[in-house]
$ cat upload.cif   # mmCIF, N, CA and C atoms and all ligand atoms
data_protein
#
loop_
_atom_site.label_atom_id
_atom_site.label_comp_id
_atom_site.auth_asym_id
_atom_site.auth_seq_id
_atom_site.Cartn_x
_atom_site.Cartn_y
_atom_site.Cartn_z
N MET A 197 6.21 15.53 5.36
CA MET A 197 5.31 14.40 5.10
C MET A 197 4.10 14.49 6.03
N THR A 198 2.95 14.36 5.47
CA THR A 198 1.74 14.45 6.28
C THR A 198 1.03 13.10 6.34
N ILE A 199 0.35 12.88 7.44
CA ILE A 199 -0.44 11.65 7.53
C ILE A 199 -1.93 11.98 7.50
N LEU A 200 -2.25 13.19 7.09
CA LEU A 200 -3.64 13.62 7.11
C LEU A 200 -4.52 12.76 6.22
N ALA A 201 -3.92 12.20 5.17
CA ALA A 201 -4.71 11.41 4.23
C ALA A 201 -4.96 10.00 4.76
N LEU A 202 -4.38 9.68 5.91
CA LEU A 202 -4.36 8.28 6.35
C LEU A 202 -5.37 8.03 7.45
N ARG A 203 -6.61 8.27 7.15
CA ARG A 203 -7.65 8.03 8.14
C ARG A 203 -8.21 6.62 8.03
N ARG A 204 -7.78 5.89 7.00
CA ARG A 204 -8.38 4.58 6.80
C ARG A 204 -7.30 3.52 6.60
N PRO A 205 -6.55 3.21 7.65
CA PRO A 205 -5.46 2.24 7.52
C PRO A 205 -5.95 0.87 7.08
N TYR A 206 -7.18 0.53 7.36
CA TYR A 206 -7.69 -0.76 6.89
C TYR A 206 -7.60 -0.84 5.37
N VAL A 207 -7.96 0.27 4.71
CA VAL A 207 -7.90 0.30 3.26
C VAL A 207 -6.47 0.14 2.79
N CYS A 208 -5.53 0.79 3.47
CA CYS A 208 -4.12 0.69 3.10
C CYS A 208 -3.67 -0.77 3.16
N ARG A 209 -4.06 -1.47 4.18
CA ARG A 209 -3.64 -2.87 4.31
C ARG A 209 -4.21 -3.68 3.14
N GLU A 210 -5.43 -3.37 2.80
CA GLU A 210 -6.09 -4.02 1.68
C GLU A 210 -5.31 -3.76 0.38
N MET A 211 -4.84 -2.53 0.23
CA MET A 211 -4.09 -2.16 -0.97
C MET A 211 -2.83 -3.01 -1.10
N VAL A 212 -2.15 -3.21 0.03
CA VAL A 212 -0.92 -4.01 0.02
C VAL A 212 -1.22 -5.43 -0.45
N GLU A 213 -2.38 -5.94 -0.03
CA GLU A 213 -2.76 -7.29 -0.43
C GLU A 213 -3.05 -7.36 -1.94
N LEU A 214 -3.56 -6.26 -2.48
CA LEU A 214 -4.01 -6.26 -3.88
C LEU A 214 -2.91 -5.87 -4.86
N ILE A 215 -1.77 -5.42 -4.32
CA ILE A 215 -0.83 -4.71 -5.20
C ILE A 215 -0.23 -5.62 -6.28
N THR A 216 -0.01 -6.90 -5.96
CA THR A 216 0.56 -7.76 -7.01
C THR A 216 -0.44 -7.95 -8.15
N ASP A 217 -1.70 -8.17 -7.79
CA ASP A 217 -2.72 -8.31 -8.84
C ASP A 217 -2.83 -7.03 -9.66
N TYR A 218 -2.75 -5.90 -8.94
CA TYR A 218 -2.82 -4.61 -9.63
C TYR A 218 -1.70 -4.48 -10.65
N LEU A 219 -0.48 -4.80 -10.22
CA LEU A 219 0.67 -4.63 -11.10
C LEU A 219 0.67 -5.64 -12.25
N GLU A 220 0.02 -6.76 -12.03
CA GLU A 220 -0.08 -7.77 -13.09
C GLU A 220 -1.28 -7.51 -14.00
N GLY A 221 -2.05 -6.46 -13.67
CA GLY A 221 -3.24 -6.17 -14.45
C GLY A 221 -4.33 -7.19 -14.24
N ALA A 222 -4.29 -7.87 -13.09
CA ALA A 222 -5.23 -8.96 -12.84
C ALA A 222 -6.44 -8.52 -12.01
N LEU A 223 -6.46 -7.26 -11.60
CA LEU A 223 -7.60 -6.81 -10.80
C LEU A 223 -8.81 -6.56 -11.67
N PRO A 224 -10.00 -6.92 -11.16
CA PRO A 224 -11.23 -6.53 -11.86
C PRO A 224 -11.30 -5.01 -11.95
N ARG A 225 -12.00 -4.52 -12.97
CA ARG A 225 -12.00 -3.09 -13.24
C ARG A 225 -12.47 -2.26 -12.04
N SER A 226 -13.49 -2.73 -11.35
CA SER A 226 -14.03 -1.96 -10.22
C SER A 226 -12.99 -1.85 -9.11
N GLN A 227 -12.29 -2.93 -8.84
CA GLN A 227 -11.26 -2.90 -7.80
C GLN A 227 -10.09 -2.04 -8.22
N ARG A 228 -9.78 -2.10 -9.50
CA ARG A 228 -8.67 -1.30 -10.01
C ARG A 228 -8.98 0.19 -9.88
N ARG A 229 -10.20 0.58 -10.14
CA ARG A 229 -10.60 1.98 -9.99
C ARG A 229 -10.46 2.42 -8.53
N ARG A 230 -10.89 1.54 -7.64
CA ARG A 230 -10.81 1.83 -6.21
C ARG A 230 -9.35 1.96 -5.78
N PHE A 231 -8.54 1.07 -6.31
CA PHE A 231 -7.11 1.09 -6.01
C PHE A 231 -6.49 2.40 -6.50
N ASP A 232 -6.76 2.75 -7.75
CA ASP A 232 -6.23 4.00 -8.32
C ASP A 232 -6.65 5.20 -7.48
N ALA A 233 -7.91 5.22 -7.07
CA ALA A 233 -8.42 6.35 -6.30
C ALA A 233 -7.70 6.45 -4.97
N HIS A 234 -7.45 5.30 -4.35
CA HIS A 234 -6.76 5.32 -3.07
C HIS A 234 -5.30 5.77 -3.23
N ILE A 235 -4.63 5.21 -4.21
CA ILE A 235 -3.23 5.55 -4.46
C ILE A 235 -3.07 7.05 -4.70
N ALA A 236 -4.03 7.62 -5.41
CA ALA A 236 -3.96 9.04 -5.75
C ALA A 236 -4.00 9.91 -4.50
N GLY A 237 -4.66 9.43 -3.44
CA GLY A 237 -4.82 10.25 -2.25
C GLY A 237 -4.00 9.80 -1.06
N CYS A 238 -3.19 8.75 -1.23
CA CYS A 238 -2.46 8.20 -0.09
C CYS A 238 -0.98 8.10 -0.43
N GLU A 239 -0.19 8.97 0.18
CA GLU A 239 1.21 9.03 -0.22
C GLU A 239 1.97 7.77 0.21
N HIS A 240 1.54 7.12 1.27
CA HIS A 240 2.24 5.91 1.71
C HIS A 240 2.04 4.78 0.72
N CYS A 241 0.82 4.59 0.30
CA CYS A 241 0.54 3.55 -0.69
C CYS A 241 1.16 3.92 -2.04
N GLY A 242 1.15 5.22 -2.35
CA GLY A 242 1.79 5.66 -3.58
C GLY A 242 3.28 5.32 -3.58
N GLU A 243 3.92 5.54 -2.43
CA GLU A 243 5.33 5.22 -2.29
C GLU A 243 5.55 3.70 -2.37
N TYR A 244 4.67 2.97 -1.75
CA TYR A 244 4.76 1.51 -1.81
C TYR A 244 4.67 1.02 -3.25
N LEU A 245 3.74 1.60 -4.00
CA LEU A 245 3.57 1.23 -5.41
C LEU A 245 4.83 1.58 -6.21
N ARG A 246 5.39 2.75 -5.92
CA ARG A 246 6.63 3.14 -6.62
C ARG A 246 7.75 2.14 -6.32
N GLN A 247 7.85 1.72 -5.08
CA GLN A 247 8.91 0.77 -4.73
C GLN A 247 8.67 -0.58 -5.40
N MET A 248 7.43 -0.97 -5.49
CA MET A 248 7.09 -2.21 -6.17
C MET A 248 7.48 -2.15 -7.65
N ARG A 249 7.17 -1.00 -8.27
CA ARG A 249 7.51 -0.85 -9.68
C ARG A 249 9.01 -0.86 -9.87
N GLU A 250 9.73 -0.27 -8.92
CA GLU A 250 11.19 -0.27 -8.98
C GLU A 250 11.71 -1.71 -8.85
N THR A 251 11.10 -2.47 -7.97
CA THR A 251 11.49 -3.87 -7.81
C THR A 251 11.31 -4.63 -9.12
N ILE A 252 10.19 -4.38 -9.77
CA ILE A 252 9.92 -5.03 -11.05
C ILE A 252 10.94 -4.61 -12.09
N ARG A 253 11.26 -3.31 -12.09
CA ARG A 253 12.22 -2.79 -13.05
C ARG A 253 13.58 -3.48 -12.85
N LEU A 254 13.96 -3.67 -11.60
CA LEU A 254 15.28 -4.22 -11.30
C LEU A 254 15.33 -5.73 -11.51
N THR A 255 14.25 -6.41 -11.17
CA THR A 255 14.28 -7.87 -11.20
C THR A 255 13.56 -8.43 -12.42
N GLY A 256 12.74 -7.59 -13.06
CA GLY A 256 12.00 -8.05 -14.22
C GLY A 256 10.74 -8.79 -13.86
N THR A 257 10.51 -8.97 -12.57
CA THR A 257 9.32 -9.70 -12.16
C THR A 257 8.93 -9.29 -10.75
N LEU A 258 7.75 -9.65 -10.37
CA LEU A 258 7.30 -9.43 -9.00
C LEU A 258 6.56 -10.69 -8.56
N THR A 259 7.07 -11.28 -7.51
CA THR A 259 6.43 -12.50 -7.02
C THR A 259 5.93 -12.27 -5.61
N ASP A 260 5.13 -13.19 -5.14
CA ASP A 260 4.66 -13.09 -3.77
C ASP A 260 5.83 -13.12 -2.80
N ALA A 261 6.92 -13.76 -3.20
CA ALA A 261 8.11 -13.80 -2.35
C ALA A 261 8.65 -12.40 -2.12
N ASP A 262 8.57 -11.55 -3.15
CA ASP A 262 9.01 -10.17 -2.98
C ASP A 262 8.16 -9.47 -1.92
N LEU A 263 6.90 -9.80 -1.91
CA LEU A 263 5.99 -9.14 -0.99
C LEU A 263 6.13 -9.64 0.44
N THR A 264 6.73 -10.80 0.63
CA THR A 264 6.91 -11.29 1.99
C THR A 264 8.29 -10.93 2.51
N SER A 265 9.00 -10.14 1.73
CA SER A 265 10.37 -9.77 2.10
C SER A 265 10.38 -8.66 3.14
N ALA A 266 11.56 -8.14 3.39
CA ALA A 266 11.74 -7.08 4.38
C ALA A 266 10.90 -5.86 4.05
N MET A 267 10.70 -5.59 2.77
CA MET A 267 9.92 -4.42 2.39
C MET A 267 8.49 -4.54 2.91
N ARG A 268 7.96 -5.75 2.80
CA ARG A 268 6.59 -5.91 3.28
C ARG A 268 6.53 -5.73 4.80
N GLU A 269 7.53 -6.24 5.49
CA GLU A 269 7.63 -6.03 6.93
C GLU A 269 7.64 -4.55 7.26
N GLU A 270 8.44 -3.83 6.50
CA GLU A 270 8.61 -2.40 6.73
C GLU A 270 7.28 -1.68 6.58
N PHE A 271 6.54 -2.01 5.54
CA PHE A 271 5.28 -1.34 5.33
C PHE A 271 4.22 -1.81 6.31
N GLY A 272 4.30 -3.07 6.70
CA GLY A 272 3.39 -3.56 7.72
C GLY A 272 3.55 -2.76 9.00
N GLU A 273 4.80 -2.51 9.34
CA GLU A 273 5.10 -1.70 10.54
C GLU A 273 4.58 -0.28 10.36
N LEU A 274 4.79 0.28 9.18
CA LEU A 274 4.31 1.63 8.89
C LEU A 274 2.80 1.71 9.07
N PHE A 275 2.09 0.72 8.55
CA PHE A 275 0.63 0.75 8.64
C PHE A 275 0.17 0.56 10.08
N ARG A 276 0.92 -0.22 10.86
CA ARG A 276 0.57 -0.35 12.27
C ARG A 276 0.73 0.98 12.99
N GLN A 277 1.80 1.69 12.66
CA GLN A 277 2.02 3.00 13.28
C GLN A 277 0.89 3.96 12.90
N MET A 278 0.50 3.94 11.63
CA MET A 278 -0.56 4.80 11.17
C MET A 278 -1.85 4.51 11.94
N ARG A 279 -2.12 3.22 12.16
CA ARG A 279 -3.33 2.83 12.85
C ARG A 279 -3.28 3.32 14.30
N ASP A 280 -2.11 3.21 14.92
CA ASP A 280 -1.96 3.68 16.29
C ASP A 280 -2.19 5.17 16.37
N GLU A 281 -1.61 5.91 15.42
CA GLU A 281 -1.77 7.36 15.41
C GLU A 281 -3.24 7.71 15.20
N ASP A 282 -3.89 6.97 14.36
CA ASP A 282 -5.30 7.19 14.09
C ASP A 282 -6.11 6.99 15.37
N ALA A 283 -5.79 5.95 16.10
CA ALA A 283 -6.52 5.66 17.35
C ALA A 283 -6.27 6.77 18.37
N ARG A 284 -5.03 7.23 18.44
CA ARG A 284 -4.73 8.32 19.38
C ARG A 284 -5.50 9.59 19.02
N ASP A 285 -5.61 9.86 17.72
CA ASP A 285 -6.34 11.05 17.29
C ASP A 285 -7.80 10.98 17.75
N ARG A 286 -8.36 9.81 17.66
CA ARG A 286 -9.77 9.66 18.06
C ARG A 286 -9.95 9.86 19.56
N GLU A 287 -8.95 9.44 20.34
CA GLU A 287 -9.04 9.58 21.79
C GLU A 287 -8.86 11.02 22.23
N ALA A 288 -8.06 11.77 21.47
CA ALA A 288 -7.73 13.15 21.86
C ALA A 288 -8.96 14.05 21.80
ZN ZN A 301 -3.05 3.95 1.66
#
$ encode --input "upload.cif" --output "structure tokens" --more "lines below"
Ligand SMILES: [Zn+2]
Amino acid sequence: MTILALRRPYVCREMVELITDYLEGALPRSQRRRFDAHIAGCEHCGEYLRQMRETIRLTGTLTDADLTSAMREEFGELFRQMRDEDARDREA
């Protein structure tokens, strides 16, 4: 697993915020294009999206409650780690 694609953790955090709208087809077209482009190049967000789709498949729905669950915590932690690694890279 590489983190080379993760130079912009701010964008990743934004993606997590947008993901419910994305999955509900509620995103404006321009944002949806941006989302698709990011997902295509970011394996962490791609994995997050896959897990979200799996959640929908299993539960038949996706609510904000799902996003505030342990999974969201887990990804929040992941994105914090990515940001820290990014900061260390800049210092090196
Ligand atoms: Zn990302």
$ residues_near_ligand --input "upload.cif" --ligand "ligand ZN 301 (chain A)" --cutoff "5 Å" --atoms "all atoms listed in the file" --output "list in words"
Cys208, Cys238 and Cys241 of chain A
$ atom_distance --input "upload.cif" --atom1 "CA of Arg253 (chain A)" --atom2 "CA of Pro224 (chain A)"
23.8 Å
$ atom_distance --input "upload.cif" --atom1 "CA of Ile215 (chain A)" --atom2 "atom N of Gly272 (chain A)"
13.1 Å
$ atom_distance --input "upload.cif" --atom1 "CA of Gln227 (chain A)" --atom2 "atom C of Gln247 (chain A)"
20.2 Å
$ residues_around --input "upload.cif" --residues "Val207 (chain A)" --least-positions-apart "4" --cutoff "9 Å" --atoms "only C-alpha atoms" --output "number ranges by chain"
A: 211-212, 234
$ closest_residue --input "upload.cif" --among "A:His240, A:Thr255, A:Glu213, A:Ile235" --to "Met278 (chain A)" --atoms "only C-alpha atoms"
A:His240
